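Raw contents of model_18.pdb, PDB, C-alpha atoms:
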ATOM      1  CA  MET R   1      17.212  -8.268 -12.395  1.00  0.00           C
ATOM      2  CA  ARG R   2      19.913  -7.071 -10.012  1.00  0.00           C
ATOM      3  CA  VAL R   3      20.355  -6.240  -6.336  1.00  0.00           C
ATOM      4  CA  ILE R   4      20.096  -2.436  -6.171  1.00  0.00           C
ATOM      5  CA  ALA R   5      22.084  -1.575  -3.026  1.00  0.00           C
ATOM      6  CA  GLY R   6      23.937  -2.907  -0.015  1.00  0.00           C
ATOM      7  CA  SER R   7      26.440  -5.712   0.446  1.00  0.00           C
ATOM      8  CA  ALA R   8      25.252  -7.615  -2.660  1.00  0.00           C
ATOM      9  CA  LYS R   9      24.819  -4.519  -4.854  1.00  0.00           C
ATOM     10  CA  GLY R  10      25.041  -5.284  -8.564  1.00  0.00           C
ATOM     11  CA  HIS R  11      24.674  -9.062  -8.239  1.00  0.00           C
ATOM     12  CA  LYS R  12      22.476 -10.399 -11.029  1.00  0.00           C
ATOM     13  CA  LEU R  13      19.604 -12.592  -9.826  1.00  0.00           C
ATOM     14  CA  LYS R  14      18.044 -15.556 -11.594  1.00  0.00           C
ATOM     15  CA  THR R  15      14.301 -15.459 -12.201  1.00  0.00           C
ATOM     16  CA  PRO R  16      11.872 -18.268 -12.993  1.00  0.00           C
ATOM     17  CA  GLU R  17      11.045 -18.626 -16.671  1.00  0.00           C
ATOM     18  CA  GLY R  18       7.501 -18.284 -17.963  1.00  0.00           C
ATOM     19  CA  PHE R  19       4.513 -16.317 -16.773  1.00  0.00           C
ATOM     20  CA  LYS R  20       3.773 -17.980 -13.421  1.00  0.00           C
ATOM     21  CA  THR R  21       5.682 -15.272 -11.538  1.00  0.00           C
ATOM     22  CA  ARG R  22       5.594 -11.507 -11.957  1.00  0.00           C
ATOM     23  CA  PRO R  23       8.785  -9.869 -10.695  1.00  0.00           C
ATOM     24  CA  THR R  24       8.441  -6.506  -8.984  1.00  0.00           C
ATOM     25  CA  THR R  25       9.629  -3.871 -11.446  1.00  0.00           C
ATOM     26  CA  ASP R  26      12.893  -2.056 -10.724  1.00  0.00           C
ATOM     27  CA  ARG R  27      11.037   1.247 -10.349  1.00  0.00           C
ATOM     28  CA  ILE R  28       8.653  -0.155  -7.745  1.00  0.00           C
ATOM     29  CA  LYS R  29      11.470  -2.039  -5.976  1.00  0.00           C
ATOM     30  CA  GLU R  30      13.592   1.105  -5.747  1.00  0.00           C
ATOM     31  CA  THR R  31      10.692   3.156  -4.333  1.00  0.00           C
ATOM     32  CA  LEU R  32       9.800   0.364  -1.905  1.00  0.00           C
ATOM     33  CA  PHE R  33      13.329   0.137  -0.527  1.00  0.00           C
ATOM     34  CA  ASN R  34      13.727   3.889  -0.298  1.00  0.00           C
ATOM     35  CA  MET R  35      10.659   3.839   1.960  1.00  0.00           C
ATOM     36  CA  LEU R  36      11.917   0.832   3.983  1.00  0.00           C
ATOM     37  CA  ALA R  37      15.525   2.036   4.266  1.00  0.00           C
ATOM     38  CA  PHE R  38      15.590   3.118   7.915  1.00  0.00           C
ATOM     39  CA  ASP R  39      13.713   0.034   9.157  1.00  0.00           C
ATOM     40  CA  LEU R  40      15.848  -2.620   7.445  1.00  0.00           C
ATOM     41  CA  PRO R  41      19.067  -2.752   9.521  1.00  0.00           C
ATOM     42  CA  GLY R  42      18.725  -5.605  12.014  1.00  0.00           C
ATOM     43  CA  CYS R  43      15.125  -6.432  11.092  1.00  0.00           C
ATOM     44  CA  ASP R  44      13.431  -9.806  10.712  1.00  0.00           C
ATOM     45  CA  PHE R  45      11.958  -9.886   7.179  1.00  0.00           C
ATOM     46  CA  LEU R  46       9.369 -12.171   5.580  1.00  0.00           C
ATOM     47  CA  ASP R  47       8.976 -12.427   1.790  1.00  0.00           C
ATOM     48  CA  LEU R  48       5.657 -14.122   0.905  1.00  0.00           C
ATOM     49  CA  PHE R  49       4.988 -15.385  -2.641  1.00  0.00           C
ATOM     50  CA  ALA R  50       8.750 -14.937  -2.953  1.00  0.00           C
ATOM     51  CA  GLY R  51       9.293 -15.969  -6.599  1.00  0.00           C
ATOM     52  CA  SER R  52      13.008 -15.339  -7.239  1.00  0.00           C
ATOM     53  CA  GLY R  53      13.529 -14.037  -3.700  1.00  0.00           C
ATOM     54  CA  ALA R  54      14.599 -10.634  -5.049  1.00  0.00           C
ATOM     55  CA  ILE R  55      12.731  -8.613  -2.399  1.00  0.00           C
ATOM     56  CA  GLY R  56      14.009 -10.610   0.587  1.00  0.00           C
ATOM     57  CA  ILE R  57      17.527 -10.688  -0.856  1.00  0.00           C
ATOM     58  CA  GLU R  58      17.447  -6.909  -1.335  1.00  0.00           C
ATOM     59  CA  ALA R  59      16.374  -6.597   2.323  1.00  0.00           C
ATOM     60  CA  LEU R  60      19.275  -8.807   3.433  1.00  0.00           C
ATOM     61  CA  SER R  61      21.712  -6.889   1.238  1.00  0.00           C
ATOM     62  CA  ARG R  62      20.586  -3.675   2.951  1.00  0.00           C
ATOM     63  CA  GLY R  63      21.082  -4.997   6.476  1.00  0.00           C
ATOM     64  CA  ALA R  64      18.128  -7.169   7.491  1.00  0.00           C
ATOM     65  CA  LYS R  65      19.211  -9.643  10.189  1.00  0.00           C
ATOM     66  CA  GLN R  66      17.351 -12.545   8.573  1.00  0.00           C
ATOM     67  CA  ALA R  67      14.799 -13.220   5.863  1.00  0.00           C
ATOM     68  CA  PHE R  68      12.342 -16.046   5.374  1.00  0.00           C
ATOM     69  CA  PHE R  69      11.127 -16.824   1.854  1.00  0.00           C
ATOM     70  CA  VAL R  70       7.791 -18.598   1.340  1.00  0.00           C
ATOM     71  CA  ASP R  71       6.884 -19.985  -2.073  1.00  0.00           C
ATOM     72  CA  GLU R  72       5.216 -23.263  -2.949  1.00  0.00           C
ATOM     73  CA  SER R  73       7.040 -23.741  -6.271  1.00  0.00           C
ATOM     74  CA  SER R  74      10.020 -26.102  -6.210  1.00  0.00           C
ATOM     75  CA  THR R  75      11.455 -24.139  -9.156  1.00  0.00           C
ATOM     76  CA  CYS R  76      11.228 -20.888  -7.184  1.00  0.00           C
ATOM     77  CA  ALA R  77      12.718 -22.508  -4.061  1.00  0.00           C
ATOM     78  CA  LYS R  78      15.685 -23.727  -6.137  1.00  0.00           C
ATOM     79  CA  ILE R  79      16.181 -20.273  -7.695  1.00  0.00           C
ATOM     80  CA  ILE R  80      15.958 -18.537  -4.296  1.00  0.00           C
ATOM     81  CA  HIS R  81      18.596 -20.954  -2.979  1.00  0.00           C
ATOM     82  CA  GLU R  82      20.869 -20.229  -5.971  1.00  0.00           C
ATOM     83  CA  ASN R  83      20.351 -16.465  -5.598  1.00  0.00           C
ATOM     84  CA  LEU R  84      21.163 -16.591  -1.881  1.00  0.00           C
ATOM     85  CA  GLU R  85      24.331 -18.583  -2.620  1.00  0.00           C
ATOM     86  CA  HIS R  86      25.337 -16.206  -5.430  1.00  0.00           C
ATOM     87  CA  THR R  87      24.903 -13.128  -3.223  1.00  0.00           C
ATOM     88  CA  LYS R  88      26.644 -14.844  -0.271  1.00  0.00           C
ATOM     89  CA  LEU R  89      23.572 -14.272   1.904  1.00  0.00           C
ATOM     90  CA  SER R  90      22.478 -17.892   2.372  1.00  0.00           C
ATOM     91  CA  SER R  91      23.406 -17.938   6.081  1.00  0.00           C
ATOM     92  CA  LYS R  92      20.756 -15.269   6.701  1.00  0.00           C
ATOM     93  CA  GLY R  93      17.947 -16.759   4.592  1.00  0.00           C
ATOM     94  CA  GLU R  94      15.514 -19.609   5.167  1.00  0.00           C
ATOM     95  CA  ILE R  95      13.422 -20.980   2.321  1.00  0.00           C
ATOM     96  CA  ILE R  96      10.042 -22.477   3.134  1.00  0.00           C
ATOM     97  CA  GLN R  97       8.690 -24.401   0.163  1.00  0.00           C
ATOM     98  CA  LYS R  98       5.007 -24.529   1.083  1.00  0.00           C
ATOM     99  CA  ASP R  99       1.827 -22.841   0.011  1.00  0.00           C
ATOM    100  CA  VAL R 100       1.431 -19.514   1.775  1.00  0.00           C
ATOM    101  CA  PHE R 101      -1.055 -20.745   4.399  1.00  0.00           C
ATOM    102  CA  SER R 102       1.043 -23.800   5.336  1.00  0.00           C
ATOM    103  CA  GLY R 103       4.116 -21.553   5.388  1.00  0.00           C
ATOM    104  CA  LEU R 104       2.462 -19.116   7.790  1.00  0.00           C
ATOM    105  CA  LEU R 105       1.355 -21.983  10.033  1.00  0.00           C
ATOM    106  CA  TYR R 106       4.929 -23.327  10.036  1.00  0.00           C
ATOM    107  CA  LEU R 107       6.281 -19.898  11.028  1.00  0.00           C
ATOM    108  CA  MET R 108       3.745 -19.635  13.860  1.00  0.00           C
ATOM    109  CA  GLN R 109       4.801 -23.085  15.098  1.00  0.00           C
ATOM    110  CA  GLN R 110       8.440 -21.898  15.032  1.00  0.00           C
ATOM    111  CA  ASN R 111       7.429 -18.900  17.186  1.00  0.00           C
ATOM    112  CA  VAL R 112       8.846 -16.420  14.668  1.00  0.00           C
ATOM    113  CA  GLN R 113       7.722 -12.785  14.435  1.00  0.00           C
ATOM    114  CA  PHE R 114       8.652 -10.173  11.866  1.00  0.00           C
ATOM    115  CA  ASP R 115       9.385  -6.470  11.714  1.00  0.00           C
ATOM    116  CA  ILE R 116       8.529  -6.286   8.009  1.00  0.00           C
ATOM    117  CA  ILE R 117       6.380  -8.646   5.960  1.00  0.00           C
ATOM    118  CA  PHE R 118       6.256  -8.154   2.194  1.00  0.00           C
ATOM    119  CA  MET R 119       3.709  -9.978   0.100  1.00  0.00           C
ATOM    120  CA  ASP R 120       3.104  -9.977  -3.617  1.00  0.00           C
ATOM    121  CA  PRO R 121       0.226 -12.407  -4.220  1.00  0.00           C
ATOM    122  CA  PRO R 122      -0.914 -13.226  -7.760  1.00  0.00           C
ATOM    123  CA  TYR R 123      -2.967 -10.234  -8.926  1.00  0.00           C
ATOM    124  CA  GLY R 124      -6.714 -10.760  -8.772  1.00  0.00           C
ATOM    125  CA  ALA R 125      -6.457 -14.054  -6.841  1.00  0.00           C
ATOM    126  CA  GLY R 126      -8.112 -12.599  -3.718  1.00  0.00           C
ATOM    127  CA  LEU R 127      -5.323 -13.822  -1.439  1.00  0.00           C
ATOM    128  CA  ALA R 128      -4.266 -10.582   0.283  1.00  0.00           C
ATOM    129  CA  LEU R 129      -7.151 -10.476   2.770  1.00  0.00           C
ATOM    130  CA  PRO R 130      -7.016 -14.127   3.938  1.00  0.00           C
ATOM    131  CA  VAL R 131      -3.211 -13.950   4.218  1.00  0.00           C
ATOM    132  CA  LEU R 132      -3.462 -10.774   6.331  1.00  0.00           C
ATOM    133  CA  GLU R 133      -6.032 -12.503   8.541  1.00  0.00           C
ATOM    134  CA  LYS R 134      -3.630 -15.422   9.115  1.00  0.00           C
ATOM    135  CA  ILE R 135      -0.752 -13.037   9.863  1.00  0.00           C
ATOM    136  CA  MET R 136      -2.988 -11.434  12.493  1.00  0.00           C
ATOM    137  CA  SER R 137      -4.358 -14.637  14.040  1.00  0.00           C
ATOM    138  CA  TYR R 138      -0.913 -16.306  14.107  1.00  0.00           C
ATOM    139  CA  HIS R 139       0.699 -13.196  15.707  1.00  0.00           C
ATOM    140  CA  LEU R 140       3.472 -13.136  13.088  1.00  0.00           C
ATOM    141  CA  LEU R 141       3.924  -9.358  13.101  1.00  0.00           C
ATOM    142  CA  LYS R 142       5.839  -7.636  15.883  1.00  0.00           C
ATOM    143  CA  LYS R 143       3.952  -4.884  17.705  1.00  0.00           C
ATOM    144  CA  ASP R 144       5.725  -2.082  15.823  1.00  0.00           C
ATOM    145  CA  GLY R 145       6.077  -4.031  12.577  1.00  0.00           C
ATOM    146  CA  TYR R 146       4.213  -3.589   9.326  1.00  0.00           C
ATOM    147  CA  VAL R 147       3.086  -5.431   6.221  1.00  0.00           C
ATOM    148  CA  VAL R 148       3.608  -4.168   2.681  1.00  0.00           C
ATOM    149  CA  VAL R 149       1.190  -5.579   0.105  1.00  0.00           C
ATOM    150  CA  GLU R 150       1.913  -5.286  -3.604  1.00  0.00           C
ATOM    151  CA  ASP R 151      -1.299  -5.810  -5.545  1.00  0.00           C
ATOM    152  CA  THR R 152      -3.262  -4.680  -8.558  1.00  0.00           C
ATOM    153  CA  ALA R 153      -4.353  -1.046  -8.454  1.00  0.00           C
ATOM    154  CA  THR R 154      -7.775  -1.994  -9.876  1.00  0.00           C
ATOM    155  CA  ILE R 155      -9.055  -3.686  -6.701  1.00  0.00           C
ATOM    156  CA  PRO R 156      -8.758  -1.595  -3.509  1.00  0.00           C
ATOM    157  CA  LEU R 157      -7.480  -3.433  -0.427  1.00  0.00           C
ATOM    158  CA  GLU R 158      -9.796  -3.248   2.550  1.00  0.00           C
ATOM    159  CA  PRO R 159      -7.689  -4.138   5.591  1.00  0.00           C
ATOM    160  CA  PRO R 160      -9.058  -6.822   7.899  1.00  0.00           C
ATOM    161  CA  GLU R 161      -9.984  -6.051  11.481  1.00  0.00           C
ATOM    162  CA  GLY R 162      -6.873  -5.347  13.517  1.00  0.00           C
ATOM    163  CA  PHE R 163      -4.964  -3.606  10.704  1.00  0.00           C
ATOM    164  CA  TYR R 164      -5.026  -0.044   9.425  1.00  0.00           C
ATOM    165  CA  VAL R 165      -3.565   1.489   6.274  1.00  0.00           C
ATOM    166  CA  VAL R 166      -0.507   3.632   7.042  1.00  0.00           C
ATOM    167  CA  LYS R 167       0.180   4.739   3.467  1.00  0.00           C
ATOM    168  CA  GLU R 168      -0.226   3.779  -0.164  1.00  0.00           C
ATOM    169  CA  LYS R 169       1.902   4.324  -3.236  1.00  0.00           C
ATOM    170  CA  LYS R 170       0.030   3.983  -6.532  1.00  0.00           C
ATOM    171  CA  TYR R 171       1.470   3.197  -9.932  1.00  0.00           C
ATOM    172  CA  LYS R 172      -0.285   2.651 -13.247  1.00  0.00           C
ATOM    173  CA  THR R 173      -1.286  -0.986 -12.608  1.00  0.00           C
ATOM    174  CA  THR R 174       0.178  -1.630  -9.143  1.00  0.00           C
ATOM    175  CA  ILE R 175      -0.348  -0.337  -5.626  1.00  0.00           C
ATOM    176  CA  LEU R 176       1.860  -0.758  -2.565  1.00  0.00           C
ATOM    177  CA  THR R 177      -0.078  -0.637   0.710  1.00  0.00           C
ATOM    178  CA  TRP R 178       1.586  -0.353   4.142  1.00  0.00           C
ATOM    179  CA  LEU R 179      -0.457  -1.828   6.992  1.00  0.00           C
ATOM    180  CA  SER R 180       0.211  -1.699  10.736  1.00  0.00           C
ATOM    181  CA  LEU R 181      -1.487  -3.281  13.706  1.00  0.00           C
ATOM    182  CA  GLU R 182      -4.194  -1.278  15.408  1.00  0.00           C
ATOM    183  CA  GLU R 183      -3.530  -0.462  19.044  1.00  0.00           C
ATOM    184  CA  GLN R 184      -5.078  -3.011  21.371  1.00  0.00           C
ATOM    185  CA  THR R 185      -6.941  -1.328  24.206  1.00  0.00           C
ATOM    186  CA  GLU R 186      -7.504  -3.020  27.535  1.00  0.00           C
ATOM    187  CA  CYS R 187     -11.034  -2.840  28.991  1.00  0.00           C
TER
END
Represent the structure contained in this file as structure tokens.
Amino acid sequence: MRVIAGSAKGHKLKTPEGFKTRPTTDRIKETLFNMLAFDLPGCDFLDLFAGSGAIGIEALSRGAKQAFFVDESSTCAKIIHENLEHTKLSSKGEIIQKDVFSGLLYLMQQNVQFDIIFMDPPYGAGLALPVLEKIMSYHLLKKDGYVVVEDTATIPLEPPEGFYVVKEKKYKTTILTWLSLEEQTEC
């Protein structure tokens, strides 16, 4: 796996061994970043279920101001750290080695908000909806920000209250769903 574009283009990234992580395929990653391209420069980026950190590192390479990486695995945290060092992007990345819900709580306590949140939960684990609900209740998404969810194409994602689907990109077994905040109306 390599960084596709930007300041770290061509750098090879380490990935965790075994089947506990499922790296985003190069085809999906390339499509994703083509769609994110104009929003990346200067953005605050969050990579949930980060694995090797490849998505957040690609965002940094393409101009994101900072990226936070949340993964509970100590192996993944070590690999993300090594990948950030290797790509010379470690000054712009923060690794949070916690389960996703503790990580989101930590970010809320740090008063951090994001322009783009990417999450790739384990397929079929039913985590997308509760994670989106926490993102909403913790106010982690900036008003004009959005969340991209990578999930299995076999189970449609019903957005929780407060979010709406902006667009979807379907592949054979995977779907990318872009979600934005619904407009809040004053009564």
Next item on the list: List, as a list of chain:residue names, every residue that the PyMOL selection byres ((chain R and resi 8) around 12) selects in the file provided.
Entry: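 When the PyMOL selection byres ((chain R and resi 8) around 12) is applied, the selected residues are R:Arg2, R:Val3, R:Ile4, R:Ala5, R:Gly6, R:Ser7, R:Lys9, R:Gly10, R:His11, R:Lys12, R:Leu13, R:Ala54, R:Ile57, R:Glu58, R:Ala59, R:Leu60, R:Ser61, R:Arg62, R:Gly63, R:Asn83, R:Leu84, R:Glu85, R:His86, R:Thr87, R:Lys88, R:Leu89, R:Ser90.
Evaluated on this file, the PyMOL selection byres ((chain R and resi 71) around 7) matches R:Leu48, R:Phe49, R:Ala50, R:Gly51, R:Phe69, R:Val70, R:Glu72, R:Ser73, R:Cys76, R:Ala77, R:Ile96, R:Gln97, R:Lys98, R:Asp99, R:Val100.
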Selected residues written out, C-alpha atoms, as a short mmCIF file (atom, residue, chain, number, x, y, z; two decimals), in the frame of the given file:
data_model
loop_
_atom_site.label_atom_id
_atom_site.label_comp_id
_atom_site.auth_asym_id
_atom_site.auth_seq_id
_atom_site.Cartn_x
_atom_site.Cartn_y
_atom_site.Cartn_z
CA LEU R 48 5.66 -14.12 0.90
CA PHE R 49 4.99 -15.38 -2.64
CA ALA R 50 8.75 -14.94 -2.95
CA GLY R 51 9.29 -15.97 -6.60
CA PHE R 69 11.13 -16.82 1.85
CA VAL R 70 7.79 -18.60 1.34
CA GLU R 72 5.22 -23.26 -2.95
CA SER R 73 7.04 -23.74 -6.27
CA CYS R 76 11.23 -20.89 -7.18
CA ALA R 77 12.72 -22.51 -4.06
CA ILE R 96 10.04 -22.48 3.13
CA GLN R 97 8.69 -24.40 0.16
CA LYS R 98 5.01 -24.53 1.08
CA ASP R 99 1.83 -22.84 0.01
CA VAL R 100 1.43 -19.51 1.78
#
Notebook entry, point to check: Any idea what the distance is between CA of Thr152 in chain R and CA of Thr174 in chain R?
Noted result: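 Between CA of Thr152 in chain R and CA of Thr174 in chain R the gap is 4.6 Å.
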Residue list as a PDB file with C-alpha atoms, in the coordinates of the input for point (12.3, -6.9, 11.8), cut-off 8 Å, all atoms listed in the file:
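Done, and the output landed in selection20.pdb:
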ATOM      1  CA  ASP R  39      13.713   0.034   9.157  1.00  0.00           C
ATOM      2  CA  LEU R  40      15.848  -2.620   7.445  1.00  0.00           C
ATOM      3  CA  GLY R  42      18.725  -5.605  12.014  1.00  0.00           C
ATOM      4  CA  CYS R  43      15.125  -6.432  11.092  1.00  0.00           C
ATOM      5  CA  ASP R  44      13.431  -9.806  10.712  1.00  0.00           C
ATOM      6  CA  PHE R  45      11.958  -9.886   7.179  1.00  0.00           C
ATOM      7  CA  ALA R  64      18.128  -7.169   7.491  1.00  0.00           C
ATOM      8  CA  LYS R  65      19.211  -9.643  10.189  1.00  0.00           C
ATOM      9  CA  GLN R 113       7.722 -12.785  14.435  1.00  0.00           C
ATOM     10  CA  PHE R 114       8.652 -10.173  11.866  1.00  0.00           C
ATOM     11  CA  ASP R 115       9.385  -6.470  11.714  1.00  0.00           C
ATOM     12  CA  ILE R 116       8.529  -6.286   8.009  1.00  0.00           C
ATOM     13  CA  LYS R 142       5.839  -7.636  15.883  1.00  0.00           C
ATOM     14  CA  GLY R 145       6.077  -4.031  12.577  1.00  0.00           C
TER      15      GLY R 145
END
Next item on the list: Please write as a PyMOL selection string the full residue list that the PyMOL selection byres ((chain R and resi 79) around 8) yields on this file.
Entry: chain R and resi 14-16+52-53+75-78+80-83
Check: Taking into account all atoms listed in the file, which residue in the set R:Ile117, R:Pro160, R:Leu127, R:Tyr138 is nearest to Leu36 in chain R?
Finding: R:Ile117
Next item on the list: Find the residue from R:Leu46, R:Ser102, R:Tyr171, R:Gly162 that sits nearest to Val147 in chain R; use only C-alpha atoms when measuring.
Entry: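 Counting only C-alpha atoms, the residue closest to Val147 in chain R is R:Leu46.
Between CA of Ala128 in chain R and CA of Gly56 in chain R the separation is 18.3 Å.
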Margin query: What does the structure give for the distance between CA of Ala67 in chain R and CA of Gly93 in chain R, in Å to one decimal?
Written below: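 Atom-to-atom, CA of Ala67 in chain R and CA of Gly93 in chain R are spaced 4.9 Å apart.
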Check: Given the choices R:Val148, R:Ile135, R:Met108, R:Leu129, which gets closest to Phe33 in chain R if the distance is worked out from all atoms listed in the file?
Finding: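 Selected residue with least distance to Phe33 in chain R: R:Val148.
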Checklist line | Among the residues R:Pro121, R:Glu17, R:Asn34, R:Phe68, the one that comes closest to Ser91 in chain R [using all atoms listed in the file] | finding: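 Counting all atoms listed in the file, the residue closest to Ser91 in chain R is R:Phe68.
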Next item on the list: Extract, using only C-alpha atoms, all DNA, RNA and protein residues at most 6 Å from Leu176 in chain R, discarding same-chain residues fewer than 3 positions from it, and format them as a list in words.
Entry: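 So, after excluding close chain neighbours, the residues are Val149, Glu150, Glu168 and Lys169 of chain R.
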Write the residues of the preceding selection, restricted to C-alpha atoms, as a PDB file, in the coordinates of the input.
ATOM      1  CA  VAL R 149       1.190  -5.579   0.105  1.00  0.00           C
ATOM      2  CA  GLU R 150       1.913  -5.286  -3.604  1.00  0.00           C
ATOM      3  CA  GLU R 168      -0.226   3.779  -0.164  1.00  0.00           C
ATOM      4  CA  LYS R 169       1.902   4.324  -3.236  1.00  0.00           C
TER       5      LYS R 169
END
Excluding Lys167 in chain R and its own-chain neighbours fewer than 6 positions away, which residues fall within 9 Å of it when counting all atoms listed in the file? Please give them as an mmCIF file with C-alpha atoms, in the frame of the given file.
data_model
loop_
_atom_site.group_PDB
_atom_site.id
_atom_site.type_symbol
_atom_site.label_atom_id
_atom_site.label_comp_id
_atom_site.auth_asym_id
_atom_site.auth_seq_id
_atom_site.Cartn_x
_atom_site.Cartn_y
_atom_site.Cartn_z
ATOM 1 C CA LEU R 176 1.860 -0.758 -2.565
ATOM 2 C CA THR R 177 -0.078 -0.637 0.710
ATOM 3 C CA TRP R 178 1.586 -0.353 4.142
ATOM 4 C CA LEU R 179 -0.457 -1.828 6.992
#
